[in-house]
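So this one's final-v2.txt, compact mmCIF, N, CA and C atoms:
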# COMPACT_ATOMS: atom_id res chain seq x y z
N MET W 35 0.85 -1.18 0.00
CA MET W 35 0.00 0.00 0.00
C MET W 35 0.89 1.23 0.00
N ASP W 36 0.53 2.22 -0.80
CA ASP W 36 1.31 3.45 -0.88
C ASP W 36 0.92 4.36 0.29
N ASN W 37 1.50 4.06 1.44
CA ASN W 37 1.15 4.81 2.65
C ASN W 37 1.49 6.29 2.53
N MET W 38 2.58 6.63 1.84
CA MET W 38 2.96 8.03 1.71
C MET W 38 1.89 8.81 0.95
N LEU W 39 1.39 8.25 -0.12
CA LEU W 39 0.33 8.91 -0.89
C LEU W 39 -0.91 9.10 -0.03
N ILE W 40 -1.29 8.08 0.69
CA ILE W 40 -2.47 8.17 1.55
C ILE W 40 -2.24 9.17 2.68
N MET W 41 -1.04 9.16 3.26
CA MET W 41 -0.74 10.12 4.33
C MET W 41 -0.78 11.56 3.80
N ASN W 42 -0.34 11.78 2.56
CA ASN W 42 -0.43 13.12 1.96
C ASN W 42 -1.89 13.54 1.81
N LYS W 43 -2.75 12.61 1.41
CA LYS W 43 -4.19 12.91 1.31
C LYS W 43 -4.77 13.21 2.69
N ILE W 44 -4.33 12.46 3.69
CA ILE W 44 -4.80 12.71 5.06
C ILE W 44 -4.37 14.10 5.51
N GLU W 45 -3.16 14.50 5.19
CA GLU W 45 -2.68 15.84 5.55
C GLU W 45 -3.52 16.91 4.85
N SER W 46 -3.87 16.69 3.61
CA SER W 46 -4.74 17.62 2.88
C SER W 46 -6.11 17.71 3.56
N LEU W 47 -6.63 16.57 3.97
CA LEU W 47 -7.91 16.53 4.69
C LEU W 47 -7.80 17.29 6.00
N ARG W 48 -6.70 17.13 6.70
CA ARG W 48 -6.52 17.85 7.97
C ARG W 48 -6.46 19.36 7.75
N ARG W 49 -5.86 19.79 6.65
CA ARG W 49 -5.83 21.23 6.34
C ARG W 49 -7.25 21.75 6.12
N CYS W 50 -8.07 20.99 5.43
CA CYS W 50 -9.47 21.38 5.21
C CYS W 50 -10.20 21.49 6.56
N ILE W 51 -9.99 20.51 7.41
CA ILE W 51 -10.62 20.53 8.74
C ILE W 51 -10.19 21.79 9.50
N GLY W 52 -8.91 22.12 9.43
CA GLY W 52 -8.41 23.32 10.10
C GLY W 52 -9.05 24.59 9.57
N ARG W 53 -9.18 24.69 8.26
CA ARG W 53 -9.80 25.88 7.66
C ARG W 53 -11.27 25.98 8.07
N ILE W 54 -11.95 24.86 8.09
CA ILE W 54 -13.37 24.87 8.49
C ILE W 54 -13.49 25.34 9.93
N ARG W 55 -12.67 24.79 10.79
CA ARG W 55 -12.72 25.19 12.21
C ARG W 55 -12.36 26.66 12.39
N GLU W 56 -11.39 27.12 11.63
CA GLU W 56 -10.92 28.50 11.74
C GLU W 56 -11.95 29.50 11.24
N LYS W 57 -12.69 29.15 10.20
CA LYS W 57 -13.57 30.12 9.53
C LYS W 57 -15.05 29.98 9.86
N THR W 58 -15.45 28.92 10.52
CA THR W 58 -16.87 28.77 10.85
C THR W 58 -17.23 29.72 11.99
N PRO W 59 -18.20 30.59 11.75
CA PRO W 59 -18.59 31.53 12.80
C PRO W 59 -19.36 30.82 13.92
N GLU W 60 -19.59 31.53 14.99
CA GLU W 60 -20.26 30.94 16.15
C GLU W 60 -21.70 30.55 15.88
N THR W 61 -22.38 31.28 15.01
CA THR W 61 -23.79 31.00 14.78
C THR W 61 -24.07 30.77 13.30
N SER W 62 -25.15 30.05 13.04
CA SER W 62 -25.56 29.84 11.65
C SER W 62 -26.05 31.14 11.02
N ALA W 63 -26.57 32.04 11.82
CA ALA W 63 -27.02 33.34 11.29
C ALA W 63 -25.83 34.13 10.75
N GLN W 64 -24.71 34.06 11.45
CA GLN W 64 -23.50 34.74 10.96
C GLN W 64 -23.05 34.11 9.64
N LEU W 65 -23.13 32.81 9.56
CA LEU W 65 -22.74 32.12 8.33
C LEU W 65 -23.68 32.51 7.19
N GLU W 66 -24.94 32.55 7.48
CA GLU W 66 -25.94 32.88 6.45
C GLU W 66 -25.76 34.29 5.91
N SER W 67 -25.23 35.19 6.72
CA SER W 67 -25.11 36.59 6.30
C SER W 67 -23.74 36.94 5.70
N ASP W 68 -22.82 35.99 5.65
CA ASP W 68 -21.47 36.28 5.16
C ASP W 68 -21.11 35.37 3.99
N LEU W 69 -21.19 35.92 2.79
CA LEU W 69 -20.94 35.13 1.58
C LEU W 69 -19.53 34.57 1.52
N ASP W 70 -18.55 35.34 1.99
CA ASP W 70 -17.17 34.85 1.98
C ASP W 70 -17.01 33.63 2.88
N LEU W 71 -17.57 33.70 4.08
CA LEU W 71 -17.49 32.55 4.99
C LEU W 71 -18.24 31.35 4.43
N GLN W 72 -19.38 31.61 3.80
CA GLN W 72 -20.13 30.52 3.16
C GLN W 72 -19.24 29.79 2.16
N ASP W 73 -18.56 30.58 1.32
CA ASP W 73 -17.70 29.98 0.30
C ASP W 73 -16.56 29.19 0.93
N ILE W 74 -15.88 29.79 1.90
CA ILE W 74 -14.73 29.12 2.52
C ILE W 74 -15.16 27.83 3.20
N VAL W 75 -16.21 27.89 3.98
CA VAL W 75 -16.67 26.72 4.73
C VAL W 75 -17.17 25.64 3.78
N THR W 76 -18.01 26.03 2.84
CA THR W 76 -18.59 25.04 1.92
C THR W 76 -17.53 24.38 1.04
N VAL W 77 -16.64 25.19 0.47
CA VAL W 77 -15.59 24.63 -0.39
C VAL W 77 -14.70 23.68 0.40
N ASN W 78 -14.36 24.04 1.62
CA ASN W 78 -13.51 23.15 2.42
C ASN W 78 -14.23 21.90 2.87
N LEU W 79 -15.53 21.98 3.08
CA LEU W 79 -16.31 20.77 3.36
C LEU W 79 -16.31 19.86 2.13
N GLU W 80 -16.52 20.46 0.95
CA GLU W 80 -16.49 19.68 -0.29
C GLU W 80 -15.13 19.03 -0.47
N ARG W 81 -14.06 19.79 -0.24
CA ARG W 81 -12.70 19.26 -0.37
C ARG W 81 -12.44 18.14 0.63
N ALA W 82 -12.96 18.30 1.83
CA ALA W 82 -12.78 17.27 2.86
C ALA W 82 -13.44 15.96 2.43
N VAL W 83 -14.63 16.06 1.87
CA VAL W 83 -15.31 14.87 1.38
C VAL W 83 -14.50 14.25 0.24
N GLN W 84 -14.06 15.08 -0.70
CA GLN W 84 -13.31 14.56 -1.84
C GLN W 84 -12.01 13.91 -1.40
N ALA W 85 -11.30 14.52 -0.46
CA ALA W 85 -10.06 13.92 0.05
C ALA W 85 -10.34 12.58 0.71
N SER W 86 -11.45 12.49 1.44
CA SER W 86 -11.83 11.23 2.09
C SER W 86 -12.14 10.15 1.06
N VAL W 87 -12.85 10.53 0.01
CA VAL W 87 -13.16 9.58 -1.07
C VAL W 87 -11.87 9.15 -1.76
N ASP W 88 -10.96 10.09 -1.98
CA ASP W 88 -9.68 9.77 -2.61
C ASP W 88 -8.89 8.77 -1.76
N ILE W 89 -8.88 8.98 -0.46
CA ILE W 89 -8.19 8.06 0.45
C ILE W 89 -8.79 6.67 0.32
N ALA W 90 -10.11 6.61 0.37
CA ALA W 90 -10.79 5.31 0.23
C ALA W 90 -10.46 4.67 -1.11
N ALA W 91 -10.44 5.46 -2.18
CA ALA W 91 -10.16 4.93 -3.52
C ALA W 91 -8.74 4.37 -3.61
N HIS W 92 -7.79 5.05 -3.00
CA HIS W 92 -6.41 4.55 -3.01
C HIS W 92 -6.29 3.23 -2.24
N ILE W 93 -6.99 3.15 -1.13
CA ILE W 93 -6.98 1.91 -0.35
C ILE W 93 -7.60 0.78 -1.18
N ILE W 94 -8.73 1.07 -1.79
CA ILE W 94 -9.43 0.06 -2.61
C ILE W 94 -8.52 -0.43 -3.75
N ALA W 95 -7.83 0.49 -4.40
CA ALA W 95 -6.92 0.10 -5.49
C ALA W 95 -5.78 -0.77 -4.96
N ASP W 96 -5.27 -0.41 -3.78
CA ASP W 96 -4.14 -1.15 -3.21
C ASP W 96 -4.53 -2.56 -2.76
N ILE W 97 -5.77 -2.72 -2.34
CA ILE W 97 -6.20 -4.06 -1.89
C ILE W 97 -6.82 -4.86 -3.02
N GLU W 98 -6.77 -4.28 -4.21
CA GLU W 98 -7.25 -4.93 -5.42
C GLU W 98 -8.70 -5.38 -5.32
N SER W 99 -9.50 -4.49 -4.75
CA SER W 99 -10.94 -4.71 -4.67
C SER W 99 -11.58 -4.04 -5.89
N PRO W 100 -12.70 -4.55 -6.36
CA PRO W 100 -13.38 -3.88 -7.49
C PRO W 100 -13.68 -2.42 -7.15
N ALA W 101 -13.57 -1.58 -8.14
CA ALA W 101 -13.82 -0.15 -7.95
C ALA W 101 -15.27 0.08 -7.56
N PRO W 102 -15.49 1.05 -6.68
CA PRO W 102 -16.88 1.37 -6.30
C PRO W 102 -17.61 2.04 -7.46
N GLU W 103 -18.90 1.85 -7.48
CA GLU W 103 -19.72 2.49 -8.52
C GLU W 103 -20.11 3.91 -8.13
N THR W 104 -20.10 4.21 -6.84
CA THR W 104 -20.44 5.54 -6.36
C THR W 104 -19.41 5.97 -5.31
N MET W 105 -19.40 7.25 -5.02
CA MET W 105 -18.50 7.76 -3.99
C MET W 105 -18.84 7.12 -2.64
N SER W 106 -20.11 7.02 -2.34
CA SER W 106 -20.53 6.44 -1.06
C SER W 106 -20.10 4.99 -0.92
N GLU W 107 -20.15 4.26 -2.02
CA GLU W 107 -19.78 2.85 -1.98
C GLU W 107 -18.32 2.65 -1.58
N ALA W 108 -17.47 3.63 -1.84
CA ALA W 108 -16.06 3.53 -1.45
C ALA W 108 -15.93 3.31 0.05
N PHE W 109 -16.77 3.98 0.82
CA PHE W 109 -16.71 3.83 2.27
C PHE W 109 -17.26 2.48 2.72
N VAL W 110 -18.25 1.96 2.01
CA VAL W 110 -18.79 0.64 2.31
C VAL W 110 -17.70 -0.42 2.10
N ILE W 111 -16.95 -0.28 1.01
CA ILE W 111 -15.91 -1.26 0.70
C ILE W 111 -14.81 -1.25 1.76
N ILE W 112 -14.32 -0.05 2.12
CA ILE W 112 -13.23 -0.04 3.12
C ILE W 112 -13.73 -0.40 4.51
N GLU W 113 -15.01 -0.20 4.75
CA GLU W 113 -15.59 -0.68 6.02
C GLU W 113 -15.56 -2.21 6.04
N LYS W 114 -16.01 -2.83 4.95
CA LYS W 114 -16.04 -4.30 4.89
C LYS W 114 -14.65 -4.90 4.96
N LYS W 115 -13.64 -4.14 4.54
CA LYS W 115 -12.26 -4.62 4.59
C LYS W 115 -11.58 -4.28 5.92
N GLY W 116 -12.33 -3.67 6.83
CA GLY W 116 -11.82 -3.43 8.18
C GLY W 116 -11.02 -2.16 8.37
N PHE W 117 -11.08 -1.24 7.43
CA PHE W 117 -10.30 0.00 7.56
C PHE W 117 -11.01 1.04 8.41
N ILE W 118 -12.34 1.05 8.38
CA ILE W 118 -13.13 1.98 9.19
C ILE W 118 -14.32 1.23 9.78
N SER W 119 -14.86 1.82 10.83
CA SER W 119 -16.02 1.21 11.49
C SER W 119 -17.29 1.43 10.68
N LYS W 120 -18.30 0.65 10.98
CA LYS W 120 -19.59 0.79 10.31
C LYS W 120 -20.18 2.18 10.57
N ASP W 121 -20.03 2.67 11.78
CA ASP W 121 -20.54 3.99 12.15
C ASP W 121 -19.87 5.09 11.32
N VAL W 122 -18.56 5.05 11.22
CA VAL W 122 -17.84 6.06 10.44
C VAL W 122 -18.21 5.94 8.97
N SER W 123 -18.34 4.73 8.47
CA SER W 123 -18.76 4.51 7.09
C SER W 123 -20.11 5.19 6.82
N ALA W 124 -21.06 4.99 7.70
CA ALA W 124 -22.39 5.60 7.53
C ALA W 124 -22.31 7.11 7.55
N ARG W 125 -21.50 7.66 8.44
CA ARG W 125 -21.38 9.12 8.53
C ARG W 125 -20.67 9.70 7.31
N MET W 126 -19.69 8.98 6.79
CA MET W 126 -19.00 9.46 5.59
C MET W 126 -19.91 9.39 4.36
N GLN W 127 -20.79 8.40 4.34
CA GLN W 127 -21.76 8.33 3.24
C GLN W 127 -22.70 9.53 3.29
N LYS W 128 -23.07 9.97 4.49
CA LYS W 128 -23.90 11.16 4.64
C LYS W 128 -23.14 12.40 4.19
N ALA W 129 -21.83 12.43 4.44
CA ALA W 129 -21.00 13.55 4.00
C ALA W 129 -21.00 13.65 2.48
N VAL W 130 -20.96 12.50 1.80
CA VAL W 130 -21.02 12.48 0.34
C VAL W 130 -22.36 13.07 -0.12
N ALA W 131 -23.43 12.72 0.56
CA ALA W 131 -24.75 13.26 0.19
C ALA W 131 -24.75 14.79 0.32
N PHE W 132 -24.15 15.31 1.39
CA PHE W 132 -24.04 16.76 1.55
C PHE W 132 -23.23 17.35 0.40
N ARG W 133 -22.09 16.73 0.09
CA ARG W 133 -21.23 17.21 -0.99
C ARG W 133 -21.99 17.29 -2.30
N ASN W 134 -22.80 16.29 -2.58
CA ASN W 134 -23.57 16.29 -3.82
C ASN W 134 -24.55 17.45 -3.87
N ILE W 135 -25.15 17.76 -2.75
CA ILE W 135 -26.07 18.91 -2.70
C ILE W 135 -25.28 20.20 -2.92
N ALA W 136 -24.14 20.32 -2.24
CA ALA W 136 -23.35 21.55 -2.34
C ALA W 136 -22.79 21.74 -3.75
N VAL W 137 -22.25 20.69 -4.32
CA VAL W 137 -21.61 20.80 -5.63
C VAL W 137 -22.62 20.98 -6.75
N HIS W 138 -23.67 20.22 -6.70
CA HIS W 138 -24.63 20.22 -7.80
C HIS W 138 -25.82 21.13 -7.56
N ALA W 139 -25.86 21.79 -6.41
CA ALA W 139 -26.93 22.72 -6.07
C ALA W 139 -28.31 22.10 -6.29
N TYR W 140 -28.48 20.89 -5.78
CA TYR W 140 -29.77 20.21 -5.92
C TYR W 140 -30.88 20.99 -5.23
N GLN W 141 -30.52 21.70 -4.22
CA GLN W 141 -31.51 22.49 -3.50
C GLN W 141 -30.81 23.68 -2.88
N LYS W 142 -31.57 24.64 -2.43
CA LYS W 142 -30.99 25.80 -1.77
C LYS W 142 -30.30 25.35 -0.49
N MET W 143 -29.12 25.88 -0.26
CA MET W 143 -28.36 25.50 0.92
C MET W 143 -29.08 25.95 2.19
N ASN W 144 -29.14 25.07 3.14
CA ASN W 144 -29.68 25.39 4.46
C ASN W 144 -28.47 25.66 5.35
N TRP W 145 -28.26 26.94 5.68
CA TRP W 145 -27.05 27.33 6.40
C TRP W 145 -27.05 26.84 7.84
N ASN W 146 -28.23 26.53 8.38
CA ASN W 146 -28.28 25.90 9.71
C ASN W 146 -27.63 24.51 9.65
N ILE W 147 -27.95 23.78 8.59
CA ILE W 147 -27.37 22.43 8.42
C ILE W 147 -25.88 22.52 8.14
N VAL W 148 -25.49 23.45 7.26
CA VAL W 148 -24.06 23.61 6.96
C VAL W 148 -23.29 23.96 8.23
N HIS W 149 -23.85 24.85 9.03
CA HIS W 149 -23.19 25.24 10.28
C HIS W 149 -23.06 24.04 11.22
N LYS W 150 -24.10 23.25 11.31
CA LYS W 150 -24.06 22.07 12.18
C LYS W 150 -22.99 21.07 11.68
N ILE W 151 -22.91 20.89 10.38
CA ILE W 151 -21.89 20.00 9.82
C ILE W 151 -20.50 20.55 10.13
N ALA W 152 -20.33 21.86 9.96
CA ALA W 152 -19.03 22.49 10.17
C ALA W 152 -18.60 22.49 11.63
N THR W 153 -19.56 22.48 12.54
CA THR W 153 -19.20 22.52 13.96
C THR W 153 -19.26 21.16 14.64
N GLU W 154 -20.18 20.31 14.22
CA GLU W 154 -20.32 19.00 14.85
C GLU W 154 -19.91 17.85 13.93
N GLY W 155 -20.35 17.91 12.68
CA GLY W 155 -20.07 16.84 11.73
C GLY W 155 -18.60 16.75 11.36
N ILE W 156 -17.87 17.82 11.61
CA ILE W 156 -16.44 17.83 11.30
C ILE W 156 -15.71 16.72 12.06
N ARG W 157 -16.27 16.32 13.19
CA ARG W 157 -15.68 15.23 13.98
C ARG W 157 -15.66 13.92 13.19
N ASP W 158 -16.57 13.76 12.25
CA ASP W 158 -16.60 12.55 11.42
C ASP W 158 -15.33 12.43 10.59
N PHE W 159 -14.87 13.56 10.06
CA PHE W 159 -13.63 13.55 9.28
C PHE W 159 -12.43 13.26 10.17
N VAL W 160 -12.46 13.83 11.36
CA VAL W 160 -11.37 13.59 12.32
C VAL W 160 -11.30 12.11 12.67
N GLU W 161 -12.45 11.51 12.94
CA GLU W 161 -12.48 10.08 13.29
C GLU W 161 -12.10 9.22 12.09
N PHE W 162 -12.51 9.60 10.91
CA PHE W 162 -12.12 8.89 9.69
C PHE W 162 -10.59 8.88 9.56
N THR W 163 -9.97 10.04 9.70
CA THR W 163 -8.51 10.11 9.57
C THR W 163 -7.83 9.32 10.68
N ARG W 164 -8.40 9.34 11.88
CA ARG W 164 -7.81 8.59 12.99
C ARG W 164 -7.82 7.10 12.69
N GLN W 165 -8.96 6.60 12.23
CA GLN W 165 -9.07 5.17 11.97
C GLN W 165 -8.18 4.74 10.81
N ILE W 166 -8.12 5.52 9.76
CA ILE W 166 -7.26 5.18 8.62
C ILE W 166 -5.79 5.23 9.04
N SER W 167 -5.41 6.30 9.73
CA SER W 167 -4.02 6.43 10.18
C SER W 167 -3.61 5.27 11.08
N GLU W 168 -4.49 4.91 11.98
CA GLU W 168 -4.21 3.80 12.89
C GLU W 168 -4.03 2.49 12.12
N LYS W 169 -4.88 2.27 11.15
CA LYS W 169 -4.80 1.06 10.34
C LYS W 169 -3.48 1.02 9.56
N LEU W 170 -3.08 2.16 9.00
CA LEU W 170 -1.83 2.22 8.25
C LEU W 170 -0.63 2.00 9.16
N GLU W 171 -0.67 2.59 10.36
CA GLU W 171 0.42 2.39 11.31
C GLU W 171 0.53 0.93 11.74
N ASN W 172 -0.62 0.31 11.99
CA ASN W 172 -0.61 -1.11 12.37
C ASN W 172 -0.07 -1.98 11.25
N ALA W 173 -0.42 -1.66 10.02
CA ALA W 173 0.06 -2.43 8.87
C ALA W 173 1.57 -2.25 8.73
N ALA W 174 2.06 -1.03 8.96
CA ALA W 174 3.50 -0.77 8.85
C ALA W 174 4.26 -1.51 9.95
N ASP W 175 3.67 -1.59 11.14
CA ASP W 175 4.32 -2.30 12.25
C ASP W 175 4.44 -3.79 11.98
N ARG W 176 3.54 -4.33 11.17
CA ARG W 176 3.54 -5.77 10.89
C ARG W 176 4.44 -6.15 9.73
N ARG W 177 4.96 -5.16 8.98
CA ARG W 177 5.83 -5.46 7.84
C ARG W 177 7.15 -6.03 8.34
N PRO W 178 7.64 -7.04 7.68
CA PRO W 178 8.94 -7.58 8.09
C PRO W 178 10.05 -6.59 7.77
N THR W 179 10.99 -6.48 8.68
CA THR W 179 12.15 -5.66 8.44
C THR W 179 13.24 -6.52 7.86
N THR W 180 14.29 -5.90 7.39
CA THR W 180 15.39 -6.68 6.81
C THR W 180 16.02 -7.58 7.87
N GLU W 181 15.96 -7.16 9.14
CA GLU W 181 16.50 -7.97 10.23
C GLU W 181 15.68 -9.23 10.47
N ASN W 182 14.37 -9.17 10.16
CA ASN W 182 13.48 -10.30 10.43
C ASN W 182 13.41 -11.28 9.26
N ARG W 183 14.04 -10.95 8.17
CA ARG W 183 13.95 -11.81 6.99
C ARG W 183 14.98 -12.89 7.01

Could I get this file's structure written as structure tokens?
Amino acid sequence: MDNMLIMNKIESLRRCIGRIREKTPETSAQLESDLDLQDIVTVNLERAVQASVDIAAHIIADIESPAPETMSEAFVIIEKKGFISKDVSARMQKAVAFRNIAVHAYQKMNWNIVHKIATEGIRDFVEFTRQISEKLENAADRRPTTENR
């Protein structure tokens, strides 16, 4: 598995999380009234979802599993392979649904929901990165070293 590539994606995801935390105002009313903050928060949420999907896709390619048909399915596959918990998988699938609304403008954005995702749902990305990082570290610890060969 190309751990360096995945770790770079995780670092990109962490930067998005940092920007969201830094720029999300205290209230949804403040978010609703500030177009610049709306853009920063929404774009970084979209990027966070995309980085998460990219991480899942790289894992899927490395384990030689069939490619997912949808972005959400990527999380189902890595859940079944033991990379993330069922709970995190379900929450990441919901994040993809949000991303689809934001990117494709299926409906008018509800800034109360965006604010809640930015303040509470952001923990889903943190937990996703924790579980993936832990799995990668455990896999690296199990690799034989030249001394063990």

Legend entry - Atom-to-atom span, atom N of Arg157 in chain W and atom N of Ser99 in chain W, Å: 28.3 Å

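Remark: for Arg53 in chain W, the closest of the candidate residues W:Val75, W:Leu170, W:Ile89, W:Val110 is W:Val75 (distances computed over only C-alpha atoms).
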
Legend entry - Nearest candidate to Val137 in chain W (options W:Asp96, W:Asp73, W:Glu154, W:Glu107; using only C-alpha atoms):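 Result for the nearest residue to Val137 in chain W: W:Asp73.
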
Legend entry - Non-local contacts of range 119-131 of chain W (8 Å; only N, CA and C atoms; under 2 positions in same chain excluded) as number ranges by chain: W: 79, 82-84, 105-114, 116-117, 133-137, 158-159, 161-162, 165-166

Inset, instruction - May I ask for the distance between atom C of Pro59 in chain W and atom N of Ile156 in chain W, given in Å to one decimal place? - result: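 Going from atom C of Pro59 in chain W over to atom N of Ile156 in chain W covers 13.3 Å.
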
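Of note, atom C of Trp145 in chain W and CA of Ser67 in chain W are spaced 10.1 Å apart.
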
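With all atoms listed in the file as the atoms that count, the minimum distance from Thr163 in chain W to the choices W:Val77, W:Arg55, W:Ser86, W:Lys150 is reached by W:Ser86.
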
Legend entry - Residue set, chain W restricted to helix (DSSP H, G or I), as a ChimeraX atom specification: /W:37-57,62-67,69-96,105-114,120-138,145-176,180-182

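The environment of His92 in chain W within 8 Å, counting all atoms listed in the file and disregarding residues fewer than 5 places along the same chain, consists of Met35, Asp36, Leu39, Ile40, Ser86, Val87, Ile97 and Glu98 of chain W.
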
If we count only N, CA and C atoms and set the cut-off at 8 Å, which residues sit around Asn146 in chain W, ignoring sequence neighbours fewer than 4 positions away in its own chain? Please answer as a PDB file with N, CA and C atoms, in the coordinates of the input.
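Now in selection_11.pdb:
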ATOM      1  N   THR W  61     -22.380  31.280  15.010  1.00  0.00           N
ATOM      2  CA  THR W  61     -23.790  31.000  14.780  1.00  0.00           C
ATOM      3  C   THR W  61     -24.070  30.770  13.300  1.00  0.00           C
ATOM      4  N   SER W  62     -25.150  30.050  13.040  1.00  0.00           N
ATOM      5  CA  SER W  62     -25.560  29.840  11.650  1.00  0.00           C
ATOM      6  C   SER W  62     -26.050  31.140  11.020  1.00  0.00           C
ATOM      7  N   ALA W  63     -26.570  32.040  11.820  1.00  0.00           N
ATOM      8  CA  ALA W  63     -27.020  33.340  11.290  1.00  0.00           C
ATOM      9  C   ALA W  63     -25.830  34.130  10.750  1.00  0.00           C
ATOM     10  N   LEU W  65     -23.130  32.810   9.560  1.00  0.00           N
ATOM     11  CA  LEU W  65     -22.740  32.120   8.330  1.00  0.00           C
ATOM     12  C   LEU W  65     -23.680  32.510   7.190  1.00  0.00           C
ATOM     13  N   GLU W  66     -24.940  32.550   7.480  1.00  0.00           N
ATOM     14  CA  GLU W  66     -25.940  32.880   6.450  1.00  0.00           C
ATOM     15  C   GLU W  66     -25.760  34.290   5.910  1.00  0.00           C
ATOM     16  N   LYS W 150     -24.100  23.250  11.310  1.00  0.00           N
ATOM     17  CA  LYS W 150     -24.060  22.070  12.180  1.00  0.00           C
ATOM     18  C   LYS W 150     -22.990  21.070  11.680  1.00  0.00           C
ATOM     19  N   ILE W 151     -22.910  20.890  10.380  1.00  0.00           N
ATOM     20  CA  ILE W 151     -21.890  20.000   9.820  1.00  0.00           C
ATOM     21  C   ILE W 151     -20.500  20.550  10.130  1.00  0.00           C
ATOM     22  N   ALA W 152     -20.330  21.860   9.960  1.00  0.00           N
ATOM     23  CA  ALA W 152     -19.030  22.490  10.170  1.00  0.00           C
ATOM     24  C   ALA W 152     -18.600  22.490  11.630  1.00  0.00           C
TER      25      ALA W 152
END

Please report, as AutoDock Vina command-line options, the centre and edge lengths in Å to one decimal of an axis-aligned box covering all listed atoms of range 59-78 of chain W with 6 Å per side.
--center_x -20.3 --center_y 29.4 --center_z 7.9 --size_x 25.5 --size_y 27.0 --size_z 28.5
